[in-house]
Amino acid sequence: MNIRTFRIGGIHPEENKLTHEVATQVAPLPKQAIFPLSQHIGAPARPVVQKGDKVKVGTLIAEAGGFVSAPIFSSVSGTVAKIDTAVDATGYRKPVIIIDVEGDEWEERIDRSEKLELVENHPELTPEEIIVRIKDAGVVGMGGACFPTFIKLTPPPTAKAECVIINAVECEPYITADYRLMMEHADEILVGLELLMKAAKVTKGYIGIETNKPKAIALLQEKISNLKSAISNQIEVVPLKQRYPQGGEKQLVDAVIRRQVPAPPAIPVNVGAIVQNVGTAFAVYQAVMKHKPLFERYTTVTGKRLSKPGNFLVRMGTPMSDLINLCGGMPEGDNKLLAGGPMMGKALMTMEVPVCKGTNSVTILSGDDARRKEPQNCIRCAKCVSVCPMGLEPYLLAKLSAFKNWEKAEKEDIVSCIECGSCQFTCPAHRPLLDNIRQGKQTVMGIIRNRNAKK
């Protein structure tokens, strides 16, 4: 077996896949659901409901606020309590729609049957129709970036897609939501991939999976070999060496098709690849074949001291406190609550932050894992340089950011940083490299936007 991987940098943190073989449970409905209007990259969604309105599961509650945006749908039935602000994963108060839950009544257009729908049985599904259904269902990248999926499927005229790559890597420690999704819905994922390929007008699809998921690799290979349509010769499962951050789309493109994506503004389609998360493929299947908007997702709730960590199918808008209580409650002692995994997740101020489209994990670090070590002076070891998957110099970018030298930071390509945290993880002096770089990157990107707006 040829085991591939990306060529620059990378690390191998301790896995802690505590919930790998824990079957997915359906999380109970919340008493009250909170829907942030910014659950995606781009303009916030605009409310189309008001206080007192009755909604069902699948009712549109906010429309896309611009081209780069996505609509939001209710995951519950009940009454709109208010349109207000609440703290989200960023730590800031943002506009939200709050719904009091009453029963579980679904919109009639949603097909709730278990029947597997195949592309070959739906000749009405032109590439254009598939993209419209994906757009109208509010599907975004489910790996955490939350970029509207329909935009990736309509690349600029200067770029030509040659393949779709499904990101089934899940290289973050602790998280197992994508793995459980593959083990429990492999057929739907393959149909989702076929829909993405048809929408992108390509005849080659890849599924990249790391070798710590041998059951998923074997299952998908078996499902592909049993496909009776011509698509079976066009889809390939690519086993990948365990290496973080292989789930970064530029790293995945390098690993799977041996092409390196240039610095921003270049994107994977500039070298022929459209990358979609495995959860996105499943959401595409449901949106196109079942007329089901994106309002629930697979989420891992995990931590070494949680008494019952697990994987859950969660309605969006559910407070994280509900999920933590399902797992035995917050452990005693020092804890750090993260939306996401320990490498790229964001620390939260409150357990009442709701599950959103990008919430692949709720991770609780306890004891020593929850505390940072005291930073010391840089010892010039260059480990951060050797592990950076983008070939950058993290020690320099962090220093330039700390001293607000934005012109030099831009020149040193700070906007290429993918914020994977490999540099900070490997630093023997415990320097807050990623913290400084992240702040610097946001500032430099703002400067670039302002400069372009004046042209």
# chains A, B, ... in the order shown; residues from 1 in each chain; ligands from 1
>>> select_by_dssp(residues="stretch 271-433 of chain A", states="strand (DSSP E or B)", output="ChimeraX atom specification")
/A:273-277,296-302,310-315,319,335-339,346-347,354,361-366
>>> residues_around(residues="A:Leu116", least_positions_apart="5", cutoff="10 Å", atoms="only C-alpha atoms", output="list of chain:residue names")
A:Asp187, A:Glu188, A:Val191, A:Tyr285, A:Met289, A:Lys290
>>> write_last_selection(atoms="N, CA, C and O atoms", output="short mmCIF file (atom, residue, chain, number, x, y, z; two decimals), in the first residue's frame")
data_model
loop_
_atom_site.label_atom_id
_atom_site.label_comp_id
_atom_site.auth_asym_id
_atom_site.auth_seq_id
_atom_site.Cartn_x
_atom_site.Cartn_y
_atom_site.Cartn_z
N ASP A 187 -22.58 5.09 2.50
CA ASP A 187 -23.29 5.13 1.22
C ASP A 187 -23.70 6.55 0.86
O ASP A 187 -23.53 6.99 -0.29
N GLU A 188 -24.24 7.28 1.84
CA GLU A 188 -24.67 8.66 1.57
C GLU A 188 -23.49 9.56 1.23
O GLU A 188 -23.59 10.45 0.37
N VAL A 191 -22.57 9.03 -2.41
CA VAL A 191 -23.52 9.73 -3.29
C VAL A 191 -23.25 11.24 -3.24
O VAL A 191 -23.28 11.93 -4.26
N TYR A 285 -25.54 15.48 0.18
CA TYR A 285 -26.49 14.40 -0.11
C TYR A 285 -27.86 14.73 0.46
O TYR A 285 -28.88 14.62 -0.23
N MET A 289 -30.73 15.42 -2.22
CA MET A 289 -31.59 14.23 -2.38
C MET A 289 -32.78 14.19 -1.43
O MET A 289 -33.80 13.56 -1.73
N LYS A 290 -32.64 14.83 -0.27
CA LYS A 290 -33.70 14.75 0.74
C LYS A 290 -34.36 16.10 1.03
O LYS A 290 -35.20 16.19 1.94
#
>>> select_by_dssp(residues="stretch 274-345 of chain A", states="alpha helix (DSSP H)", output="PyMOL selection string")
chain A and resi 278-290+320-326
>>> residues_around(residues="stretch 170-183 of chain A", least_positions_apart="4", cutoff="7 Å", atoms="only C-alpha atoms", output="MDAnalysis selection string")
chainID A and resid 13:20 23:24 216 243:247 278:279 298:300 302 311 341:343 360:361
>>> closest_residue(among="A:Leu153, A:Cys423, A:Val87, A:Cys163", to="A:Val385", atoms="only C-alpha atoms")
A:Cys423
>>> residues_around(residues="stretch 103-110 of chain A", least_positions_apart="4", cutoff="8 Å", atoms="only C-alpha atoms", output="list in words")
Lys56, Val57, Gly58, Thr59, Val76, Ser77, Gly78, Lys290, His291 and Lys292 of chain A
>>> write_last_selection(atoms="all heavy atoms", output="CSV table (one decimal), in the first residue's frame")
chain,number,residue,atom,x,y,z
A,56,LYS,N,-41.1,25.7,12.2
A,56,LYS,CA,-40.9,24.3,12.2
A,56,LYS,C,-39.5,23.9,12.0
A,56,LYS,O,-38.6,24.8,11.6
A,56,LYS,CB,-41.8,23.6,11.1
A,56,LYS,CG,-43.3,23.9,11.2
A,56,LYS,CD,-44.0,23.2,10.1
A,56,LYS,CE,-45.5,23.4,10.1
A,56,LYS,NZ,-46.2,22.8,9.0
A,57,VAL,N,-39.2,22.6,12.2
A,57,VAL,CA,-37.8,22.2,11.8
A,57,VAL,C,-37.6,22.3,10.3
A,57,VAL,O,-38.4,21.8,9.5
A,57,VAL,CB,-37.6,20.7,12.3
A,57,VAL,CG1,-36.3,20.2,11.8
A,57,VAL,CG2,-37.8,20.5,13.7
A,58,GLY,N,-36.6,23.1,9.9
A,58,GLY,CA,-36.4,23.3,8.5
A,58,GLY,C,-36.9,24.6,8.0
A,58,GLY,O,-36.8,24.9,6.8
A,59,THR,N,-37.5,25.4,8.8
A,59,THR,CA,-38.0,26.7,8.4
A,59,THR,C,-36.9,27.7,8.2
A,59,THR,O,-36.0,27.8,9.1
A,59,THR,CB,-39.0,27.3,9.4
A,59,THR,OG1,-40.2,26.4,9.6
A,59,THR,CG2,-39.5,28.7,9.0
A,76,VAL,N,-35.4,23.4,15.2
A,76,VAL,CA,-36.5,23.0,16.1
A,76,VAL,C,-37.8,23.6,15.7
A,76,VAL,O,-37.8,24.5,14.8
A,76,VAL,CB,-36.1,23.6,17.6
A,76,VAL,CG1,-34.8,22.9,18.1
A,76,VAL,CG2,-36.0,25.1,17.5
A,77,SER,N,-38.9,23.2,16.3
A,77,SER,CA,-40.2,23.8,16.1
A,77,SER,C,-40.6,24.5,17.4
A,77,SER,O,-40.2,24.1,18.5
A,77,SER,CB,-41.2,22.8,15.7
A,77,SER,OG,-41.4,21.8,16.7
A,78,GLY,N,-41.2,25.7,17.2
A,78,GLY,CA,-41.6,26.5,18.4
A,78,GLY,C,-41.9,27.9,18.0
A,78,GLY,O,-42.3,28.2,16.9
A,290,LYS,N,-32.6,14.8,-0.3
A,290,LYS,CA,-33.7,14.7,0.7
A,290,LYS,C,-34.4,16.1,1.0
A,290,LYS,O,-35.2,16.2,1.9
A,290,LYS,CB,-33.1,14.2,2.1
A,290,LYS,CG,-32.5,12.8,1.9
A,290,LYS,CD,-33.6,11.7,1.7
A,290,LYS,CE,-33.1,10.3,1.7
A,290,LYS,NZ,-34.1,9.3,1.5
A,291,HIS,N,-33.9,17.1,0.3
A,291,HIS,CA,-34.5,18.5,0.5
A,291,HIS,C,-34.4,18.9,1.9
A,291,HIS,O,-35.3,19.6,2.5
A,291,HIS,CB,-36.0,18.6,0.0
A,291,HIS,CG,-36.1,18.1,-1.4
A,291,HIS,ND1,-35.8,18.9,-2.5
A,291,HIS,CD2,-36.6,16.9,-1.9
A,291,HIS,CE1,-36.0,18.2,-3.6
A,291,HIS,NE2,-36.5,17.0,-3.3
A,292,LYS,N,-33.3,18.5,2.6
A,292,LYS,CA,-33.1,18.8,4.0
A,292,LYS,C,-32.0,19.9,4.2
A,292,LYS,O,-30.9,19.7,3.8
A,292,LYS,CB,-32.6,17.5,4.7
A,292,LYS,CG,-32.4,17.7,6.2
A,292,LYS,CD,-31.9,16.4,6.8
A,292,LYS,CE,-31.6,16.6,8.3
A,292,LYS,NZ,-31.1,15.4,8.9
>>> atom_distance(atom1="atom CA of A:His12", atom2="atom CA of A:Glu393")
19.4 Å
>>> residues_around(residues="stretch 410-414 of chain A", least_positions_apart="5", cutoff="8 Å", atoms="only C-alpha atoms", output="number ranges by chain")
A: 392, 397, 437, 440-441, 444
>>> write_last_selection(atoms="N, CA and C atoms", output="PDB file, in the first residue's frame")
ATOM      1  N   LEU A 392       6.907  28.773   6.463  1.00  0.00           N
ATOM      2  CA  LEU A 392       7.110  30.126   6.997  1.00  0.00           C
ATOM      3  C   LEU A 392       8.122  30.105   8.143  1.00  0.00           C
ATOM      4  N   LEU A 397       7.485  35.853  12.403  1.00  0.00           N
ATOM      5  CA  LEU A 397       6.146  36.414  12.244  1.00  0.00           C
ATOM      6  C   LEU A 397       5.562  36.810  13.594  1.00  0.00           C
ATOM      7  N   ILE A 437       0.828  35.493  16.009  1.00  0.00           N
ATOM      8  CA  ILE A 437       0.681  35.423  14.548  1.00  0.00           C
ATOM      9  C   ILE A 437      -0.776  35.614  14.146  1.00  0.00           C
ATOM     10  N   GLY A 440      -1.610  39.218  14.329  1.00  0.00           N
ATOM     11  CA  GLY A 440      -0.930  39.920  13.248  1.00  0.00           C
ATOM     12  C   GLY A 440      -1.547  39.642  11.892  1.00  0.00           C
ATOM     13  N   LYS A 441      -1.917  38.408  11.662  1.00  0.00           N
ATOM     14  CA  LYS A 441      -2.524  38.030  10.382  1.00  0.00           C
ATOM     15  C   LYS A 441      -3.832  38.783  10.164  1.00  0.00           C
ATOM     16  N   VAL A 444      -3.011  42.446   9.303  1.00  0.00           N
ATOM     17  CA  VAL A 444      -2.456  42.591   7.951  1.00  0.00           C
ATOM     18  C   VAL A 444      -3.535  42.371   6.898  1.00  0.00           C
TER      19      VAL A 444
END
>>> closest_residue(among="A:Phe403, A:Phe425, A:Phe150, A:Tyr92", to="A:Cys388", atoms="only C-alpha atoms")
A:Phe425
>>> residues_around(residues="A:Ser321", least_positions_apart="4", cutoff="9 Å", atoms="only C-alpha atoms", output="list in words")
Asn325, Leu326, Gly329, Met330, Thr350, Met351, Glu352, Val353 and Pro354 of chain A
>>> write_last_selection(atoms="N, CA and C atoms", output="mmCIF file, in the first residue's frame")
data_model
loop_
_atom_site.group_PDB
_atom_site.id
_atom_site.type_symbol
_atom_site.label_atom_id
_atom_site.label_comp_id
_atom_site.auth_asym_id
_atom_site.auth_seq_id
_atom_site.Cartn_x
_atom_site.Cartn_y
_atom_site.Cartn_z
ATOM 1 N N ASN A 325 -23.498 17.966 29.849
ATOM 2 C CA ASN A 325 -24.289 17.252 30.862
ATOM 3 C C ASN A 325 -24.611 15.826 30.423
ATOM 4 N N LEU A 326 -24.812 15.610 29.115
ATOM 5 C CA LEU A 326 -25.039 14.250 28.603
ATOM 6 C C LEU A 326 -23.822 13.350 28.835
ATOM 7 N N GLY A 329 -21.278 15.795 32.847
ATOM 8 C CA GLY A 329 -21.021 17.110 33.438
ATOM 9 C C GLY A 329 -19.550 17.495 33.430
ATOM 10 N N MET A 330 -19.303 18.758 33.683
ATOM 11 C CA MET A 330 -17.936 19.282 33.698
ATOM 12 C C MET A 330 -17.140 18.656 34.840
ATOM 13 N N THR A 350 -17.890 30.555 28.182
ATOM 14 C CA THR A 350 -19.111 30.043 28.789
ATOM 15 C C THR A 350 -19.547 28.754 28.109
ATOM 16 N N MET A 351 -20.243 27.894 28.870
ATOM 17 C CA MET A 351 -20.763 26.647 28.313
ATOM 18 C C MET A 351 -22.052 26.868 27.524
ATOM 19 N N GLU A 352 -22.580 28.103 27.550
ATOM 20 C CA GLU A 352 -23.859 28.368 26.889
ATOM 21 C C GLU A 352 -23.691 28.728 25.415
ATOM 22 N N VAL A 353 -22.456 28.681 24.907
ATOM 23 C CA VAL A 353 -22.238 28.896 23.470
ATOM 24 C C VAL A 353 -22.973 27.795 22.694
ATOM 25 N N PRO A 354 -23.743 28.150 21.655
ATOM 26 C CA PRO A 354 -24.503 27.121 20.935
ATOM 27 C C PRO A 354 -23.671 26.377 19.891
#
>>> closest_residue(among="A:Leu240, A:Ile41, A:Leu227, A:Ala199", to="A:Phe147", atoms="only C-alpha atoms")
A:Ile41
>>> closest_atom_pairs(of="stretch 416-454 of chain A", to="stretch 380-384 of chain A", cutoff="8 Å", atoms="only C-alpha atoms", output="CSV")
residue,atom,partner,partner_atom,distance
A:Ser422,CA,A:Cys384,CA,7.3
A:Cys423,CA,A:Cys384,CA,4.3
A:Gln424,CA,A:Cys384,CA,7.2
A:Thr426,CA,A:Cys384,CA,6.4
A:Cys427,CA,A:Cys384,CA,6.3
>>> residues_around(residues="A:Val261", least_positions_apart="5", cutoff="9 Å", atoms="only C-alpha atoms", output="list of chain:residue names")
A:Lys250, A:Gln251, A:Val253, A:Asp254, A:Ala266, A:Ile267, A:Pro268, A:Val269, A:Asn270, A:Val271
>>> closest_residue(among="A:Gly421, A:Gly391, A:Gly192, A:Gly141", to="A:Ile8", atoms="only C-alpha atoms")
A:Gly391
>>> closest_residue(among="A:Glu374, A:Met390, A:Glu194, A:Lys54", to="A:Val284", atoms="only C-alpha atoms")
A:Glu194
>>> atom_distance(atom1="atom CA of A:Asp84", atom2="atom CA of A:Ala64")
18.2 Å
>>> closest_residue(among="A:Ala255, A:Ile151, A:Leu338, A:Leu365", to="A:Val139", atoms="only C-alpha atoms")
A:Ile151
>>> atom_distance(atom1="atom CA of A:Ser74", atom2="atom CA of A:Leu60")
6.4 Å
